[in-house]
Every structure is written in structure tokens, then in C-alpha cells.
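**Q** What follows is protein11.cif; its format and atoms are mmCIF, C-alpha atoms and all ligand atoms.
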data_query
loop_
_atom_site.group_PDB
_atom_site.id
_atom_site.type_symbol
_atom_site.label_atom_id
_atom_site.label_comp_id
_atom_site.auth_asym_id
_atom_site.auth_seq_id
_atom_site.Cartn_x
_atom_site.Cartn_y
_atom_site.Cartn_z
ATOM 1 C CA MET A 1 -60.670 -81.462 -14.365
ATOM 2 C CA PRO A 2 -60.075 -78.063 -12.799
ATOM 3 C CA LYS A 3 -63.110 -76.310 -11.420
ATOM 4 C CA VAL A 4 -63.735 -72.601 -11.782
ATOM 5 C CA LEU A 5 -65.726 -71.119 -8.903
ATOM 6 C CA ILE A 6 -68.069 -68.458 -10.250
ATOM 7 C CA PRO A 7 -68.961 -65.472 -8.042
ATOM 8 C CA THR A 8 -72.657 -64.662 -7.603
ATOM 9 C CA PRO A 9 -72.820 -61.642 -9.973
ATOM 10 C CA LEU A 10 -71.468 -63.706 -12.879
ATOM 11 C CA ARG A 11 -73.641 -66.793 -12.347
ATOM 12 C CA PRO A 12 -76.459 -65.603 -14.622
ATOM 13 C CA TYR A 13 -73.948 -65.877 -17.500
ATOM 14 C CA VAL A 14 -73.165 -69.552 -16.742
ATOM 15 C CA ASP A 15 -76.692 -70.906 -16.402
ATOM 16 C CA ASN A 16 -76.704 -70.024 -12.685
ATOM 17 C CA GLN A 17 -74.047 -72.565 -11.766
ATOM 18 C CA ASP A 18 -71.687 -71.744 -8.900
ATOM 19 C CA GLU A 19 -68.853 -73.760 -10.406
ATOM 20 C CA VAL A 20 -67.921 -74.961 -13.857
ATOM 21 C CA SER A 21 -65.592 -77.883 -14.580
ATOM 22 C CA ILE A 22 -63.160 -77.234 -17.398
ATOM 23 C CA ASP A 23 -61.801 -79.973 -19.618
ATOM 24 C CA LYS A 24 -58.420 -78.300 -19.878
ATOM 25 C CA GLU A 25 -55.246 -78.000 -17.842
ATOM 26 C CA GLY A 26 -52.391 -75.589 -18.309
ATOM 27 C CA PRO A 27 -52.029 -71.832 -18.026
ATOM 28 C CA ILE A 28 -54.936 -70.033 -16.384
ATOM 29 C CA SER A 29 -55.381 -67.984 -19.563
ATOM 30 C CA ASP A 30 -56.227 -71.213 -21.453
ATOM 31 C CA VAL A 31 -58.571 -72.385 -18.719
ATOM 32 C CA LEU A 32 -60.444 -69.064 -18.784
ATOM 33 C CA ALA A 33 -60.522 -69.127 -22.591
ATOM 34 C CA SER A 34 -62.126 -72.544 -22.410
ATOM 35 C CA LEU A 35 -64.670 -71.246 -19.889
ATOM 36 C CA ILE A 36 -65.489 -68.315 -22.174
ATOM 37 C CA SER A 37 -65.837 -70.570 -25.208
ATOM 38 C CA GLN A 38 -68.608 -72.359 -23.302
ATOM 39 C CA TYR A 39 -70.150 -69.138 -21.970
ATOM 40 C CA PRO A 40 -69.255 -66.316 -24.390
ATOM 41 C CA SER A 41 -71.156 -63.602 -22.508
ATOM 42 C CA LEU A 42 -68.542 -63.861 -19.746
ATOM 43 C CA GLN A 43 -65.934 -62.323 -22.062
ATOM 44 C CA ASN A 44 -66.807 -58.683 -21.369
ATOM 45 C CA HIS A 45 -67.074 -59.270 -17.646
ATOM 46 C CA LEU A 46 -63.628 -60.856 -17.351
ATOM 47 C CA TYR A 47 -61.599 -59.022 -19.996
ATOM 48 C CA ASP A 48 -61.388 -55.419 -21.125
ATOM 49 C CA GLY A 49 -61.403 -54.248 -24.739
ATOM 50 C CA GLU A 50 -57.650 -54.787 -25.018
ATOM 51 C CA GLY A 51 -57.878 -58.399 -23.938
ATOM 52 C CA SER A 52 -56.432 -57.877 -20.456
ATOM 53 C CA LEU A 53 -58.064 -59.323 -17.366
ATOM 54 C CA ARG A 54 -60.153 -56.581 -15.805
ATOM 55 C CA GLY A 55 -58.454 -54.815 -12.911
ATOM 56 C CA PHE A 56 -61.320 -55.373 -10.493
ATOM 57 C CA ILE A 57 -61.124 -59.140 -10.820
ATOM 58 C CA ASN A 58 -58.912 -61.271 -8.661
ATOM 59 C CA VAL A 59 -58.105 -64.756 -9.897
ATOM 60 C CA TYR A 60 -56.971 -67.341 -7.402
ATOM 61 C CA VAL A 61 -55.391 -70.672 -8.258
ATOM 62 C CA ASN A 62 -55.160 -72.953 -5.263
ATOM 63 C CA ASP A 63 -56.201 -70.107 -2.967
ATOM 64 C CA GLU A 64 -53.379 -67.855 -4.108
ATOM 65 C CA ASP A 65 -53.758 -64.718 -6.199
ATOM 66 C CA ILE A 66 -52.210 -65.276 -9.638
ATOM 67 C CA ARG A 67 -50.613 -61.814 -9.323
ATOM 68 C CA TYR A 68 -48.281 -63.416 -6.780
ATOM 69 C CA GLN A 69 -47.712 -66.455 -8.975
ATOM 70 C CA ASP A 70 -47.054 -66.354 -12.724
ATOM 71 C CA GLY A 71 -49.962 -64.105 -13.613
ATOM 72 C CA GLU A 72 -51.997 -65.457 -16.501
ATOM 73 C CA LYS A 73 -49.287 -68.052 -17.125
ATOM 74 C CA THR A 74 -49.965 -69.648 -13.736
ATOM 75 C CA ILE A 75 -50.461 -73.354 -14.341
ATOM 76 C CA VAL A 76 -53.711 -74.992 -13.313
ATOM 77 C CA ASN A 77 -53.608 -78.736 -12.715
ATOM 78 C CA ALA A 78 -56.440 -81.231 -12.853
ATOM 79 C CA ASN A 79 -57.429 -81.104 -9.211
ATOM 80 C CA GLN A 80 -57.011 -77.415 -8.620
ATOM 81 C CA ASP A 81 -59.739 -74.884 -8.099
ATOM 82 C CA VAL A 82 -59.753 -71.521 -9.783
ATOM 83 C CA SER A 83 -61.655 -68.769 -7.978
ATOM 84 C CA ILE A 84 -62.864 -65.614 -9.658
ATOM 85 C CA VAL A 85 -63.208 -63.018 -6.910
ATOM 86 C CA PRO A 86 -64.664 -59.578 -7.632
ATOM 87 C CA SER A 87 -63.154 -56.512 -5.987
ATOM 88 C CA ILE A 88 -65.838 -54.776 -3.973
ATOM 89 C CA ALA A 89 -65.183 -51.134 -3.212
ATOM 90 C CA GLY A 90 -66.639 -47.696 -3.597
ATOM 91 C CA GLY A 91 -67.127 -44.489 -1.718
ATOM 92 C CA ILE A 92 -68.432 -40.989 -2.044
ATOM 93 C CA MET B 1 -79.181 -60.042 -17.457
ATOM 94 C CA HIS B 2 -82.441 -59.655 -15.599
ATOM 95 C CA SER B 3 -84.760 -57.294 -17.460
ATOM 96 C CA GLY B 4 -87.834 -56.763 -15.220
ATOM 97 C CA LEU B 5 -88.116 -54.427 -12.261
ATOM 98 C CA THR B 6 -86.240 -55.277 -9.129
ATOM 99 C CA MET B 7 -87.160 -54.568 -5.560
ATOM 100 C CA ILE B 8 -85.369 -55.312 -2.311
ATOM 101 C CA THR B 9 -86.989 -55.661 1.087
ATOM 102 C CA ILE B 10 -85.468 -55.288 4.554
ATOM 103 C CA SER B 11 -86.998 -55.631 7.994
ATOM 104 C CA GLN B 12 -86.947 -52.704 10.404
ATOM 105 C CA THR B 13 -84.725 -54.810 12.697
ATOM 106 C CA LEU B 14 -82.074 -55.371 10.013
ATOM 107 C CA LEU B 15 -82.328 -51.767 8.878
ATOM 108 C CA SER B 16 -81.571 -50.684 12.455
ATOM 109 C CA GLU B 17 -78.511 -52.985 12.462
ATOM 110 C CA LEU B 18 -77.298 -51.490 9.198
ATOM 111 C CA GLN B 19 -77.796 -47.937 10.443
ATOM 112 C CA ALA B 20 -76.106 -48.703 13.768
ATOM 113 C CA HIS B 21 -73.109 -50.001 11.809
ATOM 114 C CA GLY B 22 -72.949 -46.746 9.859
ATOM 115 C CA VAL B 23 -73.164 -44.676 13.046
ATOM 116 C CA ARG B 24 -70.519 -46.827 14.775
ATOM 117 C CA GLU B 25 -68.004 -46.324 11.971
ATOM 118 C CA PHE B 26 -68.778 -42.639 11.442
ATOM 119 C CA PRO B 27 -66.952 -40.550 10.184
ATOM 120 C CA HIS B 28 -65.607 -43.558 8.264
ATOM 121 C CA GLU B 29 -67.626 -45.523 5.739
ATOM 122 C CA CYS B 30 -69.059 -48.833 6.873
ATOM 123 C CA CYS B 31 -69.641 -51.773 4.541
ATOM 124 C CA GLY B 32 -71.167 -55.206 4.633
ATOM 125 C CA ALA B 33 -72.835 -58.003 2.712
ATOM 126 C CA MET B 34 -76.548 -58.741 2.335
ATOM 127 C CA LEU B 35 -77.707 -62.353 2.179
ATOM 128 C CA GLY B 36 -81.224 -63.384 1.363
ATOM 129 C CA GLU B 37 -83.635 -64.923 -1.084
ATOM 130 C CA GLN B 38 -84.782 -63.905 -4.533
ATOM 131 C CA THR B 39 -88.204 -64.508 -6.016
ATOM 132 C CA LEU B 40 -88.852 -64.074 -9.710
ATOM 133 C CA ASN B 41 -92.440 -63.360 -10.723
ATOM 134 C CA SER B 42 -92.654 -65.404 -13.911
ATOM 135 C CA GLU B 43 -95.625 -63.429 -15.210
ATOM 136 C CA THR B 44 -94.256 -59.915 -14.799
ATOM 137 C CA GLY B 45 -90.539 -60.744 -14.851
ATOM 138 C CA ASP B 46 -90.156 -58.703 -11.683
ATOM 139 C CA LEU B 47 -87.521 -59.800 -9.191
ATOM 140 C CA THR B 48 -88.013 -59.372 -5.443
ATOM 141 C CA LYS B 49 -85.048 -59.811 -3.115
ATOM 142 C CA GLN B 50 -85.587 -60.289 0.582
ATOM 143 C CA ILE B 51 -82.662 -59.508 2.865
ATOM 144 C CA ILE B 52 -82.465 -62.152 5.581
ATOM 145 C CA GLU B 53 -79.056 -61.491 7.076
ATOM 146 C CA LEU B 54 -76.462 -58.735 7.100
ATOM 147 C CA ILE B 55 -72.767 -59.495 7.492
ATOM 148 C CA PRO B 56 -70.785 -56.409 8.585
ATOM 149 C CA ILE B 57 -67.319 -56.380 7.017
ATOM 150 C CA ASP B 58 -64.257 -54.345 8.033
ATOM 151 C CA ASN B 59 -63.472 -51.480 5.704
ATOM 152 C CA HIS B 60 -59.981 -52.295 4.412
ATOM 153 C CA TRP B 61 -59.517 -49.295 2.165
ATOM 154 C CA THR B 62 -55.987 -47.908 2.467
ATOM 155 C CA VAL B 63 -55.050 -44.468 1.267
ATOM 156 C CA SER B 64 -52.399 -45.833 -1.064
ATOM 157 C CA ASP B 65 -55.071 -47.928 -2.764
ATOM 158 C CA ASP B 66 -55.899 -45.369 -5.348
ATOM 159 C CA ASP B 67 -56.585 -41.707 -5.099
ATOM 160 C CA GLY B 68 -55.434 -40.234 -1.803
ATOM 161 C CA PHE B 69 -58.831 -40.449 -0.120
ATOM 162 C CA ASP B 70 -59.209 -42.271 3.180
ATOM 163 C CA LYS B 71 -62.001 -44.300 4.812
ATOM 164 C CA ARG B 72 -64.110 -41.175 5.297
ATOM 165 C CA ARG B 73 -64.713 -41.276 1.560
ATOM 166 C CA ARG B 74 -63.897 -44.828 0.467
ATOM 167 C CA PHE B 75 -64.448 -48.457 1.390
ATOM 168 C CA ALA B 76 -62.899 -51.687 0.171
ATOM 169 C CA ILE B 77 -63.636 -55.309 0.964
ATOM 170 C CA ARG B 78 -60.731 -57.769 0.957
ATOM 171 C CA PRO B 79 -60.968 -60.718 -1.441
ATOM 172 C CA GLU B 80 -60.801 -63.159 1.477
ATOM 173 C CA ASP B 81 -63.758 -61.411 3.118
ATOM 174 C CA TYR B 82 -65.650 -61.592 -0.162
ATOM 175 C CA GLN B 83 -64.935 -65.315 -0.405
ATOM 176 C CA ALA B 84 -66.078 -65.785 3.189
ATOM 177 C CA VAL B 85 -69.487 -64.229 2.500
ATOM 178 C CA GLU B 86 -69.928 -66.359 -0.627
ATOM 179 C CA LYS B 87 -69.161 -69.413 1.537
ATOM 180 C CA ALA B 88 -71.569 -68.243 4.238
ATOM 181 C CA ALA B 89 -74.338 -67.749 1.685
ATOM 182 C CA LYS B 90 -73.802 -71.218 0.282
ATOM 183 C CA ALA B 91 -73.733 -72.827 3.740
ATOM 184 C CA LYS B 92 -77.018 -71.133 4.677
ATOM 185 C CA ASN B 93 -78.600 -71.842 1.294
ATOM 186 C CA LEU B 94 -79.025 -68.095 0.740
ATOM 187 C CA THR B 95 -78.036 -65.790 -2.103
ATOM 188 C CA LEU B 96 -75.444 -63.052 -1.825
ATOM 189 C CA LEU B 97 -77.744 -60.216 -2.843
ATOM 190 C CA GLY B 98 -75.147 -57.454 -2.796
ATOM 191 C CA PHE B 99 -73.387 -55.030 -0.486
ATOM 192 C CA TYR B 100 -74.229 -51.975 1.575
ATOM 193 C CA HIS B 101 -72.043 -49.039 2.518
ATOM 194 C CA SER B 102 -72.488 -45.678 4.182
ATOM 195 C CA HIS B 103 -71.945 -42.168 2.906
ATOM 196 C CA PRO B 104 -70.816 -40.109 5.906
ATOM 197 C CA ASP B 105 -72.065 -36.526 5.644
ATOM 198 C CA HIS B 106 -73.075 -37.106 2.054
ATOM 199 C CA PRO B 107 -76.357 -38.002 0.325
ATOM 200 C CA ALA B 108 -77.194 -41.597 -0.622
ATOM 201 C CA ILE B 109 -76.279 -41.069 -4.264
ATOM 202 C CA PRO B 110 -73.856 -43.472 -5.946
ATOM 203 C CA SER B 111 -70.506 -41.922 -6.804
ATOM 204 C CA ALA B 112 -68.209 -42.377 -9.771
ATOM 205 C CA THR B 113 -66.113 -44.635 -7.543
ATOM 206 C CA ASP B 114 -69.156 -46.764 -6.738
ATOM 207 C CA LEU B 115 -69.831 -47.086 -10.456
ATOM 208 C CA LYS B 116 -66.219 -47.964 -11.266
ATOM 209 C CA PHE B 117 -66.403 -50.995 -8.967
ATOM 210 C CA ALA B 118 -70.012 -51.975 -9.665
ATOM 211 C CA TRP B 119 -70.955 -55.534 -10.612
ATOM 212 C CA PRO B 120 -74.062 -56.610 -12.479
ATOM 213 C CA ASN B 121 -76.857 -58.468 -10.673
ATOM 214 C CA PHE B 122 -75.900 -57.112 -7.234
ATOM 215 C CA SER B 123 -77.898 -54.666 -5.130
ATOM 216 C CA TYR B 124 -75.961 -51.742 -3.694
ATOM 217 C CA ILE B 125 -77.604 -50.124 -0.682
ATOM 218 C CA ILE B 126 -76.259 -46.729 0.317
ATOM 219 C CA GLN B 127 -77.048 -45.324 3.763
ATOM 220 C CA SER B 128 -76.435 -41.629 4.268
ATOM 221 C CA ILE B 129 -75.231 -40.727 7.779
ATOM 222 C CA ILE B 130 -75.354 -36.998 8.504
ATOM 223 C CA THR B 131 -73.515 -35.782 11.624
ATOM 224 C CA LYS B 132 -73.699 -39.307 13.050
ATOM 225 C CA VAL B 133 -77.450 -39.635 12.458
ATOM 226 C CA PRO B 134 -78.919 -42.032 9.842
ATOM 227 C CA ALA B 135 -80.542 -40.121 6.994
ATOM 228 C CA GLU B 136 -81.833 -41.300 3.609
ATOM 229 C CA ILE B 137 -81.212 -44.816 2.322
ATOM 230 C CA HIS B 138 -81.500 -46.038 -1.263
ATOM 231 C CA SER B 139 -80.745 -49.176 -3.235
ATOM 232 C CA TYR B 140 -79.288 -49.317 -6.729
ATOM 233 C CA VAL B 141 -78.464 -51.907 -9.348
ATOM 234 C CA LEU B 142 -76.055 -51.568 -12.245
ATOM 235 C CA ASP B 143 -77.726 -50.950 -15.586
ATOM 236 C CA LEU B 144 -75.176 -52.567 -17.890
ATOM 237 C CA ASP B 145 -76.593 -51.144 -21.108
ATOM 238 C CA ALA B 146 -76.634 -47.593 -19.799
ATOM 239 C CA GLY B 147 -73.345 -47.985 -17.908
ATOM 240 C CA GLN B 148 -74.836 -46.399 -14.820
ATOM 241 C CA PHE B 149 -76.783 -47.224 -11.692
ATOM 242 C CA LYS B 150 -80.545 -47.321 -11.650
ATOM 243 C CA PRO B 151 -82.534 -47.055 -8.427
ATOM 244 C CA GLU B 152 -84.483 -50.094 -7.275
ATOM 245 C CA GLY B 153 -87.405 -50.184 -4.900
ATOM 246 C CA LEU B 154 -86.436 -50.503 -1.238
ATOM 247 C CA GLU B 155 -89.246 -51.649 1.032
ATOM 248 C CA ILE B 156 -88.896 -51.529 4.793
ATOM 249 C CA TYR B 157 -91.288 -53.761 6.656
ATOM 250 C CA ALA B 158 -92.069 -54.155 10.338
HETATM 251 ZN ZN ZN A 201 -70.789 -44.844 -2.333
#
Let's see the structure in the file written out as C-alpha cells.
Ligand SMILES: [Zn+2]
**A**
Amino acid sequence: MPKVLIPTPLRPYVDNQDEVSIDKEGPISDVLASLISQYPSLQNHLYDGEGSLRGFINVYVNDEDIRYQDGEKTIVNANQDVSIVPSIAGGI
Amino acid sequence: MHSGLTMITISQTLLSELQAHGVREFPHECCGAMLGEQTLNSETGDLTKQIIELIPIDNHWTVSDDDGFDKRRRFAIRPEDYQAVEKAAKAKNLTLLGFYHSHPDHPAIPSATDLKFAWPNFSYIIQSIITKVPAEIHSYVLDLDAGQFKPEGLEIYA
């Protein structure tokens, strides 16, 4: 089963786990949908109102940003890790 | 998620490290991660976070990133640096409490840009550095319902 690594700020929405195993392989969009079906309060933190992945979230499959793979169609296999990595930035 | 009051504590030694980082990078913004421990008071629901370690991180903001401003007014942390601090926290059995950054020649008030990138459940410490001298410092957490930052207590101990 693929594992999704949950960043610290989102752990309160997944019972404080740092990773969640998902009983689903295939496109990353399906894997994330499965994660959200288990933990619905993640929805608004991962997706915007139009159903697009939020811009300040980086999703890595096998340590590579899905933007440089097939985006949300990037395939996740059984033994692969998915990392959700928040963008941290700011200023004045 | 957490509904009680939150407070964050930092030792004078770590505060001096944080301020030295801000002075060193001046007139650019500095940034870094804060690792530590959290204690929830089950009676009051209040959450106290103790900073145990700071991890300075290179400011990787590039002008093309967004809005024409440079590192004097912006900071950005690379995803690989973010992942490294999560790994470090796990290895040390600590919690990634949040991030600090400096406001060169500007008060320690969160900006619209800070809000745009803010995550729930993190502390954001802002250190004002005025003409290369540390000035006020404040900590904030995102209030999800209000869609803005709220200040949290920042206690400096010897
Ligand atoms: Zn700021």
C-alpha cells in the first residue's frame, strides 16, 4: 500500500499520524481522494474551492514533484511514498 | 483545530541566536525552523510550546517567484529544506513548531504575504530588525475561522 507522509500542520486532521497508508494504487488524484474520504477535514487544506490542488502545496511521488511528472495523473504504485510538502514563504 | 490559548517559550540563548541570524542576513530577511515540545493543559485546553532548537535555513526567494520583490522583503524555504526539518524533528523526537523570519526595517507585524502562505497549527515568529539592530519580536498563529493571524504569547526565559 502506498504511504502518504503528512506534514506537521496537517497532522491534527489525521488523528496526529505522520503517515497514512492508503489501500489504493493509481493516479495520485485517486490516492488523495481516498485519503480525504478517510479524513474529510483535509479537503479544504489540500484543494481550493474549484477542486484544484492548492498552489502552496507540493506533492512528491517517489521524491519527485508531480509537477515534473504527470501532475495529478502521476501513478502511485504499492511501495511508493507520497509526500505532501507545504510551501513556506512570506515577507513584509 | 486547537481551540484554547497558545503560548510559545524561548530561552534567552536561542533568542540571541535568532536575532544574530536576522542581523547577519540584514538587509535581507532571514528564516528558519523551530523545533520543540508541546504541552496541552487538559483542564484549560491551553497549549504551551517550548522551543528547544532553531534550524537556520537559507532564504531561497527569487525575484521571479512572484511579485518583483527581492529578499529584502520576502523569504522562501525550498521544499527539500522543509522535508529536512521534518526529518530532523522526527529523528530528535521533537515537533516542528513553526518558522521564524525577520522583517528588516519593518515592524514585527504579519504581512498579506505572510498570511497568503500561512499554515494552521504552526507558530510564526517575526523578528523586527531596525538598522541592523534587533527590535520587537512577536509570535502569531493562523486563525482559520477568521482567516487572519492572531498573536500568541511569547515568553522569553533566562
Ligand atoms: Zn513577514
**Q** Could you tell me which residues the PyMOL selection byres (((not hetatm)) within 9 of (chain A and resi 201)) grabs in this file, written as a ChimeraX atom specification?
**A** /A:89-92 /B:29,73-75,100-103,108-115,124-127
**Q** On this structure, the PyMOL selection byres ((chain B) within 10 of (chain A and not hetatm)) would catch which residues? List them as a ChimeraX atom specification, sorted by chain and number.
**A** /B:1-2,29-31,59-61,69-83,86,89-90,95-99,101-123,126
**Q** Using Å and a single decimal, report how far atom CA of B:Asn93 sits from atom CA of B:Asn41.
**A**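 Those two atoms sit 20.2 Å apart.
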**Q** Here's the selection I'm unsure about, the PyMOL selection byres (((chain B and resi 13) around 12) and not hetatm); applied to the file above, which residues does it give, as a list in words?
**A**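 So the PyMOL selection byres (((chain B and resi 13) around 12) and not hetatm) ends up selecting Thr9, Ile10, Ser11, Gln12, Leu14, Leu15, Ser16, Glu17, Leu18, Gln19, Ala20, Ile51, Ile52, Glu53, Leu54, Ile156, Tyr157 and Ala158 of chain B.
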**Q** Name the residues in contact with A:Asn77 at a cut-off of 10 Å, using all atoms listed in the file, excluding same-chain residues fewer than 6 positions from it; report them as a ChimeraX atom specification.
**A** /A:1-3,24-28,61-62
**Q** So the first atom is atom CA of B:Pro151 and the second is atom CA of B:Thr44; what is the distance between them in Å, to one decimal place?
**A**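 Atom-to-atom, atom CA of B:Pro151 to atom CA of B:Thr44, that is 18.5 Å.
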**Q** Interatomic distance between atom CA of B:Ala146 and atom CA of B:Met34?
**A**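 Between these atoms lies a distance of 24.8 Å.
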**Q** Let me make sure I understand: among B:Glu152, B:Glu37, B:Asp46, B:Asp58, which one has the smallest atom-to-atom distance to B:Glu25 if we use all atoms listed in the file?
**A**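 The answer is B:Asp58, which sits nearest to B:Glu25.
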**Q** So that I can see what lies close to A:Ser21, please list as a list of chain:residue names the residues with an atom at most 12 Å from it, counting all atoms listed in the file and leaving out residues fewer than 6 positions away in the same chain.
**A** A:Met1, A:Pro2, A:Lys3, A:Val4, A:Leu5, A:Ile6, A:Val14, A:Val31, A:Leu32, A:Ser34, A:Leu35, A:Gln38, A:Ala78, A:Asn79, A:Gln80, A:Asp81, A:Val82, A:Ser83
**Q** Next, dump the selected residues to file, keeping only C-alpha atoms, as a PDB file, in the coordinates of the input.
**A**
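This is the output file result10.pdb:
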ATOM      1  CA  MET A   1     -60.670 -81.462 -14.365  1.00  0.00           C
ATOM      2  CA  PRO A   2     -60.075 -78.063 -12.799  1.00  0.00           C
ATOM      3  CA  LYS A   3     -63.110 -76.310 -11.420  1.00  0.00           C
ATOM      4  CA  VAL A   4     -63.735 -72.601 -11.782  1.00  0.00           C
ATOM      5  CA  LEU A   5     -65.726 -71.119  -8.903  1.00  0.00           C
ATOM      6  CA  ILE A   6     -68.069 -68.458 -10.250  1.00  0.00           C
ATOM      7  CA  VAL A  14     -73.165 -69.552 -16.742  1.00  0.00           C
ATOM      8  CA  VAL A  31     -58.571 -72.385 -18.719  1.00  0.00           C
ATOM      9  CA  LEU A  32     -60.444 -69.064 -18.784  1.00  0.00           C
ATOM     10  CA  SER A  34     -62.126 -72.544 -22.410  1.00  0.00           C
ATOM     11  CA  LEU A  35     -64.670 -71.246 -19.889  1.00  0.00           C
ATOM     12  CA  GLN A  38     -68.608 -72.359 -23.302  1.00  0.00           C
ATOM     13  CA  ALA A  78     -56.440 -81.231 -12.853  1.00  0.00           C
ATOM     14  CA  ASN A  79     -57.429 -81.104  -9.211  1.00  0.00           C
ATOM     15  CA  GLN A  80     -57.011 -77.415  -8.620  1.00  0.00           C
ATOM     16  CA  ASP A  81     -59.739 -74.884  -8.099  1.00  0.00           C
ATOM     17  CA  VAL A  82     -59.753 -71.521  -9.783  1.00  0.00           C
ATOM     18  CA  SER A  83     -61.655 -68.769  -7.978  1.00  0.00           C
TER      19      SER A  83
END
**Q** Excluding B:Leu47 and its own-chain neighbours fewer than 4 positions away, which residues fall within 6 Å of it when counting all atoms listed in the file? Please give them as a ChimeraX atom specification.
**A** /B:6,39-40
**Q** Can you write just those residues out, C-alpha atoms, as a PDB file, in the coordinates of the input?
**A**
ATOM      1  CA  THR B   6     -86.240 -55.277  -9.129  1.00  0.00           C
ATOM      2  CA  THR B  39     -88.204 -64.508  -6.016  1.00  0.00           C
ATOM      3  CA  LEU B  40     -88.852 -64.074  -9.710  1.00  0.00           C
TER       4      LEU B  40
END
**Q** Using all atoms of stretch 5-20 of chain A listed in the file and a margin of 3 Å per side, can you give the axis-aligned box centre and edge lengths in Å to one decimal, as JSON?
**A**
{"center_x": -71.2, "center_y": -68.3, "center_z": -12.6, "size_x": 17.0, "size_y": 19.3, "size_z": 15.9}
